[in-house]
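Report on the structure given below.
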2 protein chains.
Amino acid sequence: MISAVERKIEQFIIELDDAEVMSLYNQLPFGKRLRAKLILKIAGNSLSAIKTAGVVEMIHTASLLHDDVIDDAYTRRSKPSINAIYGDKTAIMLGDILYSKGFLELNNISLEVSKMVSNAVIQLSLGELKDVSLSKAFNIDRDIYLKMIYQKTASLMEASAGAGALLANKPPKPYMTYGCNLGIAFQMIDDILDITADSTTLGKPALHDFEEGKTTLPYIYLYEKLDKEDKAKLKSLHTKKLSTDEQNWIKSKMSEHQVIEQSYGEAKLLIEEAISLMNDRGESGLSKIAIDMIDRSF
Amino acid sequence: MISAVERKIEQFIIELDDAEVMSLYNQLPFGKRLRAKLILKIAGNSLSAIKTAGVVEMIHTASLLHDDVIDDAYTRRSKPSINAIYGDKTAIMLGDILYSKGFLELNNISLEVSKMVSNAVIQLSLGELKDVSLSKAFNIDRDIYLKMIYQKTASLMEASAGAGALLANKPPKPYMTYGCNLGIAFQMIDDILDITADSTTLGKPALHDFEEGKTTLPYIYLYEKLDKEDKAKLKSLHTKKLSTDEQNWIKSKMSEHQVIEQSYGEAKLLIEEAISLMNDRGESGLSKIAIDMIDRSF
């Protein structure tokens, strides 16, 4: 049914009646459409569900366009990003167009769904801003980090699942917790892969996050466990272009203190809670999506 | 009553519950709040009108934040812009936050108002994109130029006036035409000032638009009137850093062919139509706003 969502998004783009936007949109790489899948799995294939899925994916695409400008990212799903080809200005404006078309279409779904999704976009933008400002300092506060990834990554998945539940007259709460846990775990695993995967798989240098100033969960746990001298050493490497020796030192300390396992365990716990919630409701399709996430490139 | 709108916006910002956003917002220069004034003049001082005015001004501020990034503008109302102080990333994200909070709040006003304003934000973003892409070539098509300034500048003023009318149970059509005409005329006059005002008043170099690639109305009319040789010369100066001699040549040709008068006359006609529409409805306060616009720095 994802193809029905693709057709709905294409219709939204056609309604914008702008040849340049159509051409730009056609150059965007297709995503996994994870949020659309959640909505359809929860709400079924009604027209409202397909519309909501289209809107949420359009909003997600808008956020990625701005995200790539923010992160100076020149590839997206192994294709050159819009900012790489046409510059930041075009990427910012295309993002604004997709956001505003998404918000307009929310008016044609339901007030409850519209409020839920709009609120998630606020959280998402606040999370992006926090991500930028946190990376200017050496953040070692786990709660601040968790709130940021909730806002940046989990809020829209939480709202997608919640909107699906609203459309299907199911209780929103367990679905929102499911979406939220999936989102946080997804970001945690993404952050771990930045450390453990090789740079060819990632399409970016290893330990890129730390060089960019991002102290993700494994760094926060590592810092807690290091002695005073090593704490200072880790801190001194923050935002630096790392030599191979320095990269190896970080990785060996992480291995010594098992912080990757600790971080991964935390992500797994969230996913297990999500699976258990869905099993309780007989939602085996949603449990399956969660199981697949644990297995992702790991 | 504008102070009630300011308080409403401040409340919206407080609700975001983010210290960084509050601090950034406090550093934004206050605007003329023209759109809020239109709404309150048309709809009176009801809570819905104040909310709508707050939302529209928040959306307008968001568009200016992105606009300053797009235009590499480092000042806004004689103060350093957010992108100048904190960089493009912060300006983009703050814009996204204000946009999404605005869209969320539209859900608490009325469906009709929400659709009207959302649609204007789509037009505004399409207009900004068009502004960027048009400036890459030497555009001499007046209709394309007029559509772009309608989208970029007039659409949100049209929607503000229309939303005000909806809230007050007045017929939206004449108010929308009024707002639309005001918006187009406002942009035309702004474009003329880029040519006629001195650079100290403008806070940017004279003929800046043409150097940036923008062929505004006076350039389009001038090109129509020049002979073949001068047409080629004008075209050759497009997007170039202009010498004083080149600037003087353009200005003298504009004076010879009276294209500033022609462009200004066109703006004036739009404003006169707006005034006449409002006089017919006994809306003297709105006529006054339109009259003040003709006199602006001219």
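Identifiers in the structure tokens: chain A, B, ... in order shown; residue index from 1 per chain; ligand index from 1 in order shown.
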**Report entry** Neighbours of chain A in chain B at 8 Å, counting only C-alpha atoms, as a list in words
**Finding:**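 The complete set of qualifying residues is Asp18, His66, Val69, Ile70, Asp88, Lys89, Thr90, Ile92, Met93, Leu94, Asp96, Ile97, Ser100, Lys101, Phe103, Leu104, Asn107, Leu111, Ser114, Lys115, Ser118, Asn119, Val121, Ile122, Ser125, Leu126, Glu128, Leu129 and Val132 of chain B.
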Query - Nearest-residue call for Gln187 (chain B), choices B:Ser48, B:Asn248, B:Ser155, B:Ser135, using only C-alpha atoms - result: B:Ser155
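Residue nearest Thr239 (chain A), chosen from A:Glu211, A:Glu256, A:Asp198, A:Glu15 and counting only C-alpha atoms: A:Glu211.
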Requested in this report: Just the alpha helix (DSSP H) stuff from region 75-275 of chain B, please, per backbone DSSP, written as a ChimeraX atom specification.
Outcome: /B:82-86,88-106,111-134,142-149,155-167,172-196,199-202,208-211,217-225,228-237,244-256,259-275
Keeping only C-alpha atoms, write those residues as a short mmCIF file (atom, residue, chain, number, x, y, z; two decimals), in the first residue's frame.
data_model
loop_
_atom_site.label_atom_id
_atom_site.label_comp_id
_atom_site.auth_asym_id
_atom_site.auth_seq_id
_atom_site.Cartn_x
_atom_site.Cartn_y
_atom_site.Cartn_z
CA ILE B 82 20.18 36.10 13.60
CA ASN B 83 22.20 34.40 10.83
CA ALA B 84 24.86 37.10 11.20
CA ILE B 85 25.18 36.49 14.97
CA TYR B 86 24.51 32.77 15.32
CA ASP B 88 22.61 30.04 9.16
CA LYS B 89 21.82 26.84 11.05
CA THR B 90 20.31 28.63 14.02
CA ALA B 91 18.34 30.97 11.75
CA ILE B 92 16.92 28.08 9.73
CA MET B 93 15.88 26.15 12.83
CA LEU B 94 14.41 29.15 14.64
CA GLY B 95 12.39 29.80 11.48
CA ASP B 96 11.14 26.20 11.45
CA ILE B 97 10.16 26.45 15.13
CA LEU B 98 8.18 29.66 14.60
CA TYR B 99 6.51 28.25 11.46
CA SER B 100 5.45 25.05 13.18
CA LYS B 101 4.21 26.79 16.34
CA GLY B 102 2.23 29.10 14.04
CA PHE B 103 0.69 26.16 12.20
CA LEU B 104 -0.16 24.40 15.49
CA GLU B 105 -1.94 27.50 16.76
CA LEU B 106 -3.94 27.86 13.53
CA LEU B 111 -10.55 25.75 9.82
CA GLU B 112 -11.21 28.45 7.21
CA VAL B 113 -8.58 30.80 8.64
CA SER B 114 -6.12 27.93 8.98
CA LYS B 115 -6.53 26.92 5.33
CA MET B 116 -6.24 30.50 4.11
CA VAL B 117 -3.05 31.22 6.03
CA SER B 118 -1.44 27.81 5.29
CA ASN B 119 -2.07 28.30 1.62
CA ALA B 120 -0.41 31.72 1.76
CA VAL B 121 2.70 30.18 3.36
CA ILE B 122 2.93 27.73 0.44
CA GLN B 123 2.72 30.67 -1.99
CA LEU B 124 5.27 32.63 0.00
CA SER B 125 7.75 29.75 -0.09
CA LEU B 126 7.12 29.13 -3.80
CA GLY B 127 7.74 32.85 -4.37
CA GLU B 128 11.03 32.78 -2.48
CA LEU B 129 12.18 29.79 -4.51
CA LYS B 130 11.15 31.57 -7.74
CA ASP B 131 12.98 34.72 -6.61
CA VAL B 132 16.19 32.69 -6.27
CA SER B 133 15.82 30.85 -9.57
CA LEU B 134 14.73 33.93 -11.55
CA ARG B 142 6.74 41.06 -16.60
CA ASP B 143 4.06 38.43 -15.89
CA ILE B 144 6.57 36.05 -14.34
CA TYR B 145 7.93 38.88 -12.22
CA LEU B 146 4.45 39.92 -11.07
CA LYS B 147 3.48 36.36 -10.17
CA MET B 148 6.68 36.00 -8.15
CA ILE B 149 6.09 39.17 -6.09
CA SER B 155 0.03 36.34 -0.61
CA LEU B 156 0.42 36.64 3.17
CA MET B 157 -1.04 40.17 3.19
CA GLU B 158 -3.94 38.95 1.07
CA ALA B 159 -4.49 36.06 3.51
CA SER B 160 -4.17 38.36 6.54
CA ALA B 161 -6.88 40.65 5.23
CA GLY B 162 -8.99 37.67 4.16
CA ALA B 163 -8.60 35.98 7.57
CA GLY B 164 -9.60 39.22 9.28
CA ALA B 165 -12.73 39.37 7.13
CA LEU B 166 -13.61 35.73 7.89
CA LEU B 167 -13.27 36.34 11.63
CA PRO B 172 -13.47 38.07 2.23
CA LYS B 173 -13.16 38.99 -1.47
CA PRO B 174 -12.74 42.83 -1.36
CA TYR B 175 -10.45 42.58 1.68
CA MET B 176 -8.30 39.98 -0.05
CA THR B 177 -8.02 42.19 -3.14
CA TYR B 178 -7.11 45.09 -0.85
CA GLY B 179 -4.36 43.05 0.88
CA CYS B 180 -3.12 41.63 -2.39
CA ASN B 181 -2.87 45.05 -4.06
CA LEU B 182 -1.13 46.52 -1.02
CA GLY B 183 1.37 43.66 -1.02
CA ILE B 184 2.23 43.92 -4.71
CA ALA B 185 2.50 47.70 -4.51
CA PHE B 186 4.65 47.42 -1.39
CA GLN B 187 7.11 45.15 -3.19
CA MET B 188 7.11 47.34 -6.32
CA ILE B 189 7.97 50.40 -4.22
CA ASP B 190 10.62 48.43 -2.34
CA ASP B 191 12.17 47.48 -5.69
CA ILE B 192 12.06 51.11 -6.87
CA LEU B 193 13.73 52.32 -3.67
CA ASP B 194 16.62 49.96 -4.38
CA ILE B 195 17.28 52.15 -7.42
CA THR B 196 16.31 55.64 -6.24
CA SER B 199 22.74 53.51 -0.02
CA THR B 200 22.92 55.02 3.50
CA THR B 201 19.12 55.13 3.74
CA LEU B 202 18.82 51.60 2.41
CA HIS B 208 21.88 45.91 -5.22
CA ASP B 209 18.96 43.95 -6.71
CA PHE B 210 20.41 44.05 -10.23
CA GLU B 211 23.83 42.99 -8.97
CA LEU B 217 9.96 46.15 -12.89
CA PRO B 218 12.06 49.24 -13.82
CA TYR B 219 14.69 46.97 -15.45
CA ILE B 220 12.03 45.06 -17.37
CA TYR B 221 10.51 48.31 -18.68
CA LEU B 222 13.93 49.77 -19.45
CA TYR B 223 14.93 46.71 -21.46
CA GLU B 224 11.71 46.99 -23.51
CA LYS B 225 12.58 50.59 -24.44
CA LYS B 228 19.46 46.74 -29.68
CA GLU B 229 22.92 47.91 -28.66
CA ASP B 230 21.84 49.26 -25.26
CA LYS B 231 19.74 46.13 -24.64
CA ALA B 232 22.95 44.12 -25.02
CA LYS B 233 24.83 46.50 -22.75
CA LEU B 234 22.19 46.28 -19.99
CA LYS B 235 22.17 42.51 -20.26
CA SER B 236 25.97 42.40 -20.01
CA LEU B 237 25.83 44.29 -16.68
CA THR B 244 30.01 54.10 -10.66
CA ASP B 245 29.97 54.78 -14.41
CA GLU B 246 27.85 51.72 -15.07
CA GLN B 247 25.47 52.65 -12.25
CA ASN B 248 25.16 56.16 -13.66
CA TRP B 249 24.51 54.82 -17.16
CA ILE B 250 21.66 52.64 -15.89
CA LYS B 251 20.17 55.49 -13.88
CA SER B 252 20.41 57.97 -16.75
CA LYS B 253 18.77 55.54 -19.17
CA MET B 254 16.02 54.94 -16.60
CA SER B 255 15.53 58.65 -16.28
CA GLU B 256 15.51 59.15 -20.09
CA VAL B 259 10.67 53.82 -16.20
CA ILE B 260 10.72 54.70 -12.51
CA GLU B 261 7.66 56.92 -13.06
CA GLN B 262 6.03 54.13 -15.05
CA SER B 263 6.67 51.55 -12.32
CA TYR B 264 5.61 53.89 -9.54
CA GLY B 265 2.46 54.73 -11.48
CA GLU B 266 1.62 51.06 -11.61
CA ALA B 267 2.05 50.67 -7.84
CA LYS B 268 -0.06 53.78 -7.29
CA LEU B 269 -2.88 52.40 -9.44
CA LEU B 270 -3.01 49.24 -7.33
CA ILE B 271 -3.14 51.28 -4.15
CA GLU B 272 -5.85 53.54 -5.55
CA GLU B 273 -7.94 50.52 -6.37
CA ALA B 274 -7.41 49.26 -2.80
CA ILE B 275 -8.45 52.63 -1.36
#
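Nearest to Pro29 (chain A) of all the residues A:Ala49, A:Leu64, A:Val56, A:Met1 is A:Leu64, counting only C-alpha atoms.
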Query raised in the report: Could you work out how far CA of Lys136 (chain A) lies from CA of Ala19 (chain B), giving the answer in Å with one decimal?
Result: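 These atoms are spaced 16.2 Å apart.
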Query raised in the report: By how many Å are CA of Gln11 (chain B) and CA of Asn26 (chain B) apart?
Result: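 Going from CA of Gln11 (chain B) over to CA of Asn26 (chain B) covers 12.6 Å.
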Query raised in the report: B:Ala290, B:Met278, B:Asn139, B:Ile9: which is nearest Ile59 (chain B), counting only C-alpha atoms?
Result: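 Distance minimum relative to Ile59 (chain B) lands on B:Ile9.
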**Report entry** Members of region 14-215 of chain B assigned strand (DSSP E) by DSSP, as a PyMOL selection string
**Finding:** chain B and resi 75-76+79-80
Filtering to N, CA and C atoms, could you give me those residues as a PDB file, in the first residue's frame?
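Listing of out-v4.pdb after writing:
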ATOM      1  N   THR B  75      22.008  42.278   8.124  1.00  0.00           N
ATOM      2  CA  THR B  75      21.274  43.196   8.992  1.00  0.00           C
ATOM      3  C   THR B  75      19.786  43.081   8.686  1.00  0.00           C
ATOM      4  N   ARG B  76      19.003  43.414   9.691  1.00  0.00           N
ATOM      5  CA  ARG B  76      17.532  43.401   9.556  1.00  0.00           C
ATOM      6  C   ARG B  76      17.066  44.536  10.456  1.00  0.00           C
ATOM      7  N   LYS B  79      19.655  46.139  12.708  1.00  0.00           N
ATOM      8  CA  LYS B  79      20.297  45.309  13.745  1.00  0.00           C
ATOM      9  C   LYS B  79      20.908  44.097  13.044  1.00  0.00           C
ATOM     10  N   PRO B  80      21.963  43.512  13.631  1.00  0.00           N
ATOM     11  CA  PRO B  80      22.518  42.304  13.001  1.00  0.00           C
ATOM     12  C   PRO B  80      21.448  41.212  12.956  1.00  0.00           C
TER      13      PRO B  80
END
Query - Residue neighbourhood Lys41 (chain B), 9 Å, only C-alpha atoms, exclusion window fewer than 5 positions, as number ranges by chain - result: B: 36, 164, 283, 285-286
